[in-house]
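Encoded as structure tokens, the structure appears first; notes follow it.
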Amino acid sequence: MAYIFDNERPIYIQLVEIIRIQIVSGKFQKGQKIPSVRELALTMKVNPNTMQKALAELENEKLIYTERTNGKYVTEDESLVEKVKKELAKEKVNNYLNSMNDIGISYDEAIKYLQELGGKNGIS
Amino acid sequence: MELVKCNNLCKEFDNKQVLNNINLSLPKGKIIGLLGKNGMGKTTLIKLMNDLLTPTSGEVLINGEKPSVNSKKIISYLPERTYLDKGMRVSQILTLFEDFYENFNKEKAIKLLNDLDLDINSRVSKMSKGMQEKLQLILVMSRDAELYILDEPLGGVDPATRDYILDTILSNFSEGASVIISTHLISDIERILDEVIFIDKGNIILTSSADELRAKENSSIDEIFRRCFKC
């Protein structure tokens with residue numbers, strides 16, 4: 001899959017964000033082995049060194065770990081993944097509320113909009 | 001040891017200083033952008049690395065040695081202008097490269113040419129300009145080299161071809177090898193760079209990791225370059 005990167009921010013940080021989402025969304029499942037640096041770099045069309053740096057950062061966050069000789073795996077720590085998911089959700093909610101606020105819609109109204117326009121099958 | 005090292009490198013043409021006391025060291029395993037406007041010394045620096053020019057003073061070292069037959073074996077060079085004989089067929093060029101370079105991987109070249117649906121029996125003169133540039137790049141990237149030096153690989157091709165060229169560079173340089181790409185088309189290429197070097201009027205005015213520079217300046221390399229060289 002090709003991603004469009006924003007040249008104004010470090011590419012490795014954008015890779016961390018993409019892979020983090022893949023982990024919390026379950027696209028990369030807990031305990032799953034992840035492809036090699038070079039393979040990942042190729043599929044995302046980035047420099048392998050940049051990918052290496054992104055994976056090192058995710059390892060710092062404990063979202064992935066290295067099994068010596070065997071490669072890298074997604075964490076099995078469910079509570080950590082949940083925690084990261086919650087942080088991401090919080091960020092998205094804040095973004096939503098802020099942008100609604102920008103167009104003059106208060107917090108209470110924004111919630112209403114969410115229920116009415118988002119609806120049950122609100123993903124459009 | 002550094003793959004490329006320049007020590008107090010100077011080059012003059014007819015008493016005109018084209019490169020002015022360049023000190024530079026380039027590591028292994030990186031993709032490096034040599035960025036500068038036209039006529040600022042990029043190609044001269046590249047030609048010195050390839051032993052096509054000799055320094056007026058100072059030196060260039062490749063793996064610690066002066067450029068020679070040995071360095072030519074490990075450097076795969078894409079010059080600014082094509083040197084292919086337009087009357088030749090692609091298959092003949094493949095044979096020529098195979099004879100010329102020990103590290104030329106013919107199977108790889110054929111595979112890449114097949115991906116492009118390019119008939120290896122066609123003559124270079126019958127191919128479009130974009131196709132000729134792709135062919136040249138494929139030949140250069142099909143060598144298992146330690147250093148790839150690409151002088152303006154994106155010049156004069158359409159955006160789709162640019163993407164093809166970048167992907168070909170990314171997926172084909174040997175592991176542990178370095179790539180030097182000179183260009184003034186920065187926004188197209190910056191996503192694949194590890195390191196950037198800004199060259200202006202024969203001087204190196206900045207060297208940095210691409211991501212560190214973005215983080216420090218909160219802008220794209222292209223933007224920083226434009227700010228630096230505002231006319």
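Ordered as shown in the structure tokens, chains take letters A, B, and onward, while each chain numbers its residues from 1 and ligands are numbered from 1 in the order shown.
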
**Distance-based interface of chain B with chain A, 7 Å, counting only C-alpha atoms, as an MDAnalysis selection string** = chainID B and resid 167 170:171 191:192 211 214:215 218:220

**Fill in**
Nearest to Asp77 (chain A), restricted to only C-alpha atoms and choosing among A:Ile23, A:Ile103, A:Met51, A:Val16, comes out as A:Ile23

**Item:** Which of chain A fall in strand (DSSP E), as a VMD selection string
**Value:** chain A and resid 33 to 34 64 to 67 71 to 74

**Request:** Quick one: pick out all helix (DSSP H, G or I) residues within chain A from a backbone DSSP run and write them as a count of residues only.
**Result:** 72

**Contacts of Gly156 (chain B) at 12 Å (only C-alpha atoms; same-chain gap of 5+ positions) as a PyMOL selection string** = chain B and resi 80-81+128-134+161-162+183-185

**Request:** Tell me which protein, DNA and RNA residues are within 9 Å of Gln32 (chain A), counting only C-alpha atoms, leaving out same-chain ones fewer than 4 positions away, and put them as number ranges by chain.
**Result:** A: 28, 72-76

Put those residues in a file: C-alpha atoms, as a short mmCIF file (atom, residue, chain, number, x, y, z; two decimals), in the first residue's frame.
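result18.cif, written as the output of this step:
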```
data_model
loop_
_atom_site.label_atom_id
_atom_site.label_comp_id
_atom_site.auth_asym_id
_atom_site.auth_seq_id
_atom_site.Cartn_x
_atom_site.Cartn_y
_atom_site.Cartn_z
CA PHE A 28 -1.33 -6.37 13.27
CA LYS A 72 10.04 -8.50 15.75
CA TYR A 73 6.63 -9.23 17.24
CA VAL A 74 3.61 -7.20 18.29
CA THR A 75 3.21 -6.97 22.06
CA GLU A 76 0.93 -9.42 23.84
#
```
